[in-house]
Structure formats: structure tokens, C-alpha cells
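*Asks:* Mind looking over this structure? Questions follow.
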Amino acid sequence: MTKHIYLLLCLALSLCQSFGQQPATTRKVITQFYVRAVDEKSQELLPVDLEIRLYKAKKEYKAHNEPWLTPFMFLLYESDTVEVKSKSDGYYSYTEILVATCDTCPVYQHTITMEKKTPLFDNLKVNDVIKLDRIYFDQSSFILRSESYQQLEDLYKALKENPTLKIEIAGHTDNVGNAKLNKLLSENRAKVIHNYLIGKGIDSQRLSYVGYGQTKPVSPNDTEENKSKNRRVECIVLAK
């Protein structure tokens, strides 16, 4: 029985060779690599500008894709490292590095998830003052609360998207307590944000920080509601 199976395998291999074919295990697969972009929340398809670089193949592509068109496609003839840069109006730009190792899949689709820009940091001009209204600290402290990080990320992305943007980070307090301590507290709060951005890779030459304490109120310190308006952190655009 084993001899018969061996003979049949030899016959099959001989037939493959006679037709100029190779065994399936060594057949090279060409991958059709599709790229598209969608909105992070709605998952709707977006128009997108793409710049794609294949490191091993030393190829580069530029393309614009609309939602009603077939997603942009290029061919991969072997495993490669793929850099994908994407831009879409009203969204943050992205750069992704993908390791494409699917030598056995003829079709692959990569979906870029795009995040909308926050309106707070759009169309900035020199001397604009931006109130960071979702930055929170523990009471009488410069310890950031966890719910602050989303707006800090928005600020970081705005700085990353605009490499010439320079800002001053300004801390303010109400008039409760010692004026010197309030100034120090406001400075430390501004410094925390400054250090966070530097830790994310923003050049320190683009950032400055200052604490004004209670010296620049935006409302009278006569009610708790008005005092809360004075306890704030702002960004002032120094250069754009």
C-alpha cells in the first residue's frame, strides 16, 4: 500500500513538471494591498491623501482616494515594511509603519482610522488665547486628574501638526488664600502641562510657562461660580 502511494506521488510530481508547474508550496503569491480611511467614530469612508513607501522594494506611491472609489491598491511581491502617511481635511494626519508578512494572502485591506481635529485648536493666530477648559487638578494641588489627558492630547496633536506653532502656558487662580502661594501653584500647574508636552516629544524651544496667580482674573471673585472661572489654564499663541 505504501509503495502504491509513493508511485502515485511520483506520478503527480512528474505531471506538474511536465506542465511547467511547481508544487503549490513554492508558488509565489502576489498580494493586492488596499488602503482606505474611515472616521474614528462613525466609521464612514473619508476622502484621503496617501503617501506610501515600501522600504524593501524601494517604491513610493502618492494617491488621493474618494469614498465612492475603489480603495487605492498597490502590489506586494514579497514581505515588506510599509510606511503609510494619510491626510484628510478636518482630521489629524497619521504616519503608520506596517510590517506586511502575508506572503500567502492574495488580497489585504488596511483601514486607517482618522480622528477629527478639535475646533479649539483650528485656525490659530498670534496672540490668540485658548482656555484649556477640560484640564483639571486636585484641589490646591498641581496633580493632574485623569480626565485632563484627552485635552492634553488634543494640544499635543495641534503642536505636532503645526511645527512652527509656539505657545505660552499660563496658570491662573482665584483670590482665595495667600497671593504668593497662589502664584507658585499656578506656575506649577502650567509647568506640569509644559513637561507633559516635552515628554511627548515637543521641542522645549516652542513652549514657555508662567504662573500669574490671582493677578489676571476674568471675573469678579465674588461668587463661587465666578471664582471657578478664574481658576484656569490658558495657552497664548506666540508664533504660528
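FYI, nothing fancy with the C-alpha cells labels: chains A, B, ... in order, residues from 1 per chain, ligands from 1 as they appear.
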Might you pull out every residue within 9 Å of Thr113 (chain A), with only C-alpha atoms counted and same-chain residues fewer than 3 positions away left off, and present them as a list in words?

*Replies:*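 Neighbouring residues, sequence-local ones excluded: Arg36, Ala37, Val38, Asp39, Glu40, Lys41 and Gln43 of chain A.
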
*Asks:* Under the rule of at most 8 Å, produce a per-residue listing of region 190-236 of chain A near region 118-136 of chain A: chain, number, name, the closest pair of atoms, and the distance in Å, as JSON lines, using only C-alpha atoms.

*Replies:*
{"residue": "A:Arg232", "atom": "CA", "partner": "A:Lys131", "partner_atom": "CA", "distance": 7.3}
{"residue": "A:Val233", "atom": "CA", "partner": "A:Leu132", "partner_atom": "CA", "distance": 5.7}
{"residue": "A:Glu234", "atom": "CA", "partner": "A:Lys131", "partner_atom": "CA", "distance": 4.4}
{"residue": "A:Cys235", "atom": "CA", "partner": "A:Ile130", "partner_atom": "CA", "distance": 5.0}
{"residue": "A:Ile236", "atom": "CA", "partner": "A:Val129", "partner_atom": "CA", "distance": 4.6}

*Asks:* Can you list, as a PDB file with N, CA and C atoms, in the first residue's frame, every protein, DNA or RNA residue that comes within 8 Å of region 225-228 of chain A when you count only C-alpha atoms, leaving out same-chain residues fewer than 6 positions away?

*Replies:*
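Generated file (around.pdb):
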ATOM      1  N   ASP A 174      -7.972  81.791  41.664  1.00  0.00           N
ATOM      2  CA  ASP A 174      -8.844  82.825  42.230  1.00  0.00           C
ATOM      3  C   ASP A 174      -8.071  83.542  43.345  1.00  0.00           C
ATOM      4  N   ASN A 175      -8.772  84.342  44.148  1.00  0.00           N
ATOM      5  CA  ASN A 175      -8.068  85.153  45.160  1.00  0.00           C
ATOM      6  C   ASN A 175      -8.134  84.553  46.559  1.00  0.00           C
ATOM      7  N   SER A 219     -13.195  87.253  35.906  1.00  0.00           N
ATOM      8  CA  SER A 219     -14.485  87.545  36.537  1.00  0.00           C
ATOM      9  C   SER A 219     -14.225  88.064  37.951  1.00  0.00           C
TER      10      SER A 219
END

*Asks:* Using only C-alpha atoms, find the one residue out of A:Leu50, A:Ala158, A:Val35, A:Ile198 that sits nearest to Lys116 (chain A).

*Replies:* A:Ala158

*Asks:* DSSP on the backbone: which residues in region 77-238 of chain A end up as strand (DSSP E or B)? Give the answer as a ChimeraX atom specification.

*Replies:* /A:80-87,91,94-100,107-114,116,129-131,137,144,166-172,207-213,232-238

*Asks:* State, in Å with one decimal place, the distance from CA of Leu75 (chain A) to CA of Asp49 (chain A).

*Replies:*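 It comes out at 18.5 Å.
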
*Asks:* CA of Ser146 (chain A) and CA of Glu168 (chain A) are how many Å apart?

*Replies:*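 So the answer is 22.7 Å.
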
*Asks:* Near Ser86 (chain A), counting only C-alpha atoms, which residues have an atom at most 7 Å away, once you skip same-chain residues fewer than 4 positions from it, shown as number ranges by chain?

*Replies:* A: 48-51, 93-95

*Asks:* Take the residues that were just selected and, keeping N, CA, C and O atoms, output them as a PDB file, in the first residue's frame.

*Replies:*
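The new file out_23.pdb reads:
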ATOM      1  N   VAL A  48      -9.127  60.896   1.259  1.00  0.00           N
ATOM      2  CA  VAL A  48      -7.828  60.878   1.930  1.00  0.00           C
ATOM      3  C   VAL A  48      -6.700  60.994   0.919  1.00  0.00           C
ATOM      4  O   VAL A  48      -6.786  60.480  -0.195  1.00  0.00           O
ATOM      5  N   ASP A  49      -5.669  61.764   1.299  1.00  0.00           N
ATOM      6  CA  ASP A  49      -4.424  61.825   0.529  1.00  0.00           C
ATOM      7  C   ASP A  49      -3.441  60.854   1.153  1.00  0.00           C
ATOM      8  O   ASP A  49      -3.236  60.866   2.381  1.00  0.00           O
ATOM      9  N   LEU A  50      -2.823  60.035   0.321  1.00  0.00           N
ATOM     10  CA  LEU A  50      -1.937  58.984   0.795  1.00  0.00           C
ATOM     11  C   LEU A  50      -0.526  59.150   0.236  1.00  0.00           C
ATOM     12  O   LEU A  50      -0.356  59.528  -0.924  1.00  0.00           O
ATOM     13  N   GLU A  51       0.445  58.892   1.076  1.00  0.00           N
ATOM     14  CA  GLU A  51       1.830  58.736   0.642  1.00  0.00           C
ATOM     15  C   GLU A  51       2.308  57.400   1.201  1.00  0.00           C
ATOM     16  O   GLU A  51       2.289  57.193   2.420  1.00  0.00           O
ATOM     17  N   SER A  93      -3.421  64.243  10.886  1.00  0.00           N
ATOM     18  CA  SER A  93      -2.639  63.419   9.969  1.00  0.00           C
ATOM     19  C   SER A  93      -2.010  62.255  10.740  1.00  0.00           C
ATOM     20  O   SER A  93      -1.777  62.339  11.946  1.00  0.00           O
ATOM     21  N   TYR A  94      -1.736  61.178  10.006  1.00  0.00           N
ATOM     22  CA  TYR A  94      -1.154  60.000  10.634  1.00  0.00           C
ATOM     23  C   TYR A  94      -0.004  59.460   9.804  1.00  0.00           C
ATOM     24  O   TYR A  94      -0.013  59.549   8.573  1.00  0.00           O
ATOM     25  N   THR A  95       0.963  58.877  10.489  1.00  0.00           N
ATOM     26  CA  THR A  95       2.008  58.086   9.846  1.00  0.00           C
ATOM     27  C   THR A  95       2.042  56.730  10.541  1.00  0.00           C
ATOM     28  O   THR A  95       2.155  56.657  11.767  1.00  0.00           O
TER      29      THR A  95
END

*Asks:* Which polymer residues have any atom within 6 Å of an atom of Pro67 (chain A), counting only C-alpha atoms, with same-chain residues fewer than 4 positions away left out, as a ChimeraX atom specification?

*Replies:* /A:45-47

*Asks:* With only C-alpha atoms as the counted atoms, please give the residues lying no more than 9 Å from Leu144 (chain A), apart from itself and same-chain residues fewer than 3 positions off, as a ChimeraX atom specification.

*Replies:* /A:135-138,141,147-149,189,192-193

*Asks:* Check the smallest atom-to-atom distance from each of A:Arg231, A:His194, A:Lys240, A:Lys117 to Thr164 (chain A) using only C-alpha atoms, then report the winner.

*Replies:* A:Lys240

*Asks:* Fewer than 2 positions away in the same chain doesn't count, so skip those; otherwise give me all residues within 7 Å of Gly211 (chain A), counting only C-alpha atoms, as a list in words.

*Replies:* Ala170, Gly171, His172, Lys183, Leu184, Ser186, Glu187, Ala190 and Gly213 of chain A

*Asks:* Could you tell me how far CA of Ile143 (chain A) sits from CA of Ala179 (chain A), in Å to one decimal place?

*Replies:* 19.7 Å

*Asks:* Rank A:Tyr156, A:Leu238, A:Val99, A:Pro220 by their smallest atom-to-atom distance to Asn195 (chain A), using only C-alpha atoms, and report the top residue only.

*Replies:*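 Of the candidates, the smallest distance to Asn195 (chain A) is held by A:Tyr156.
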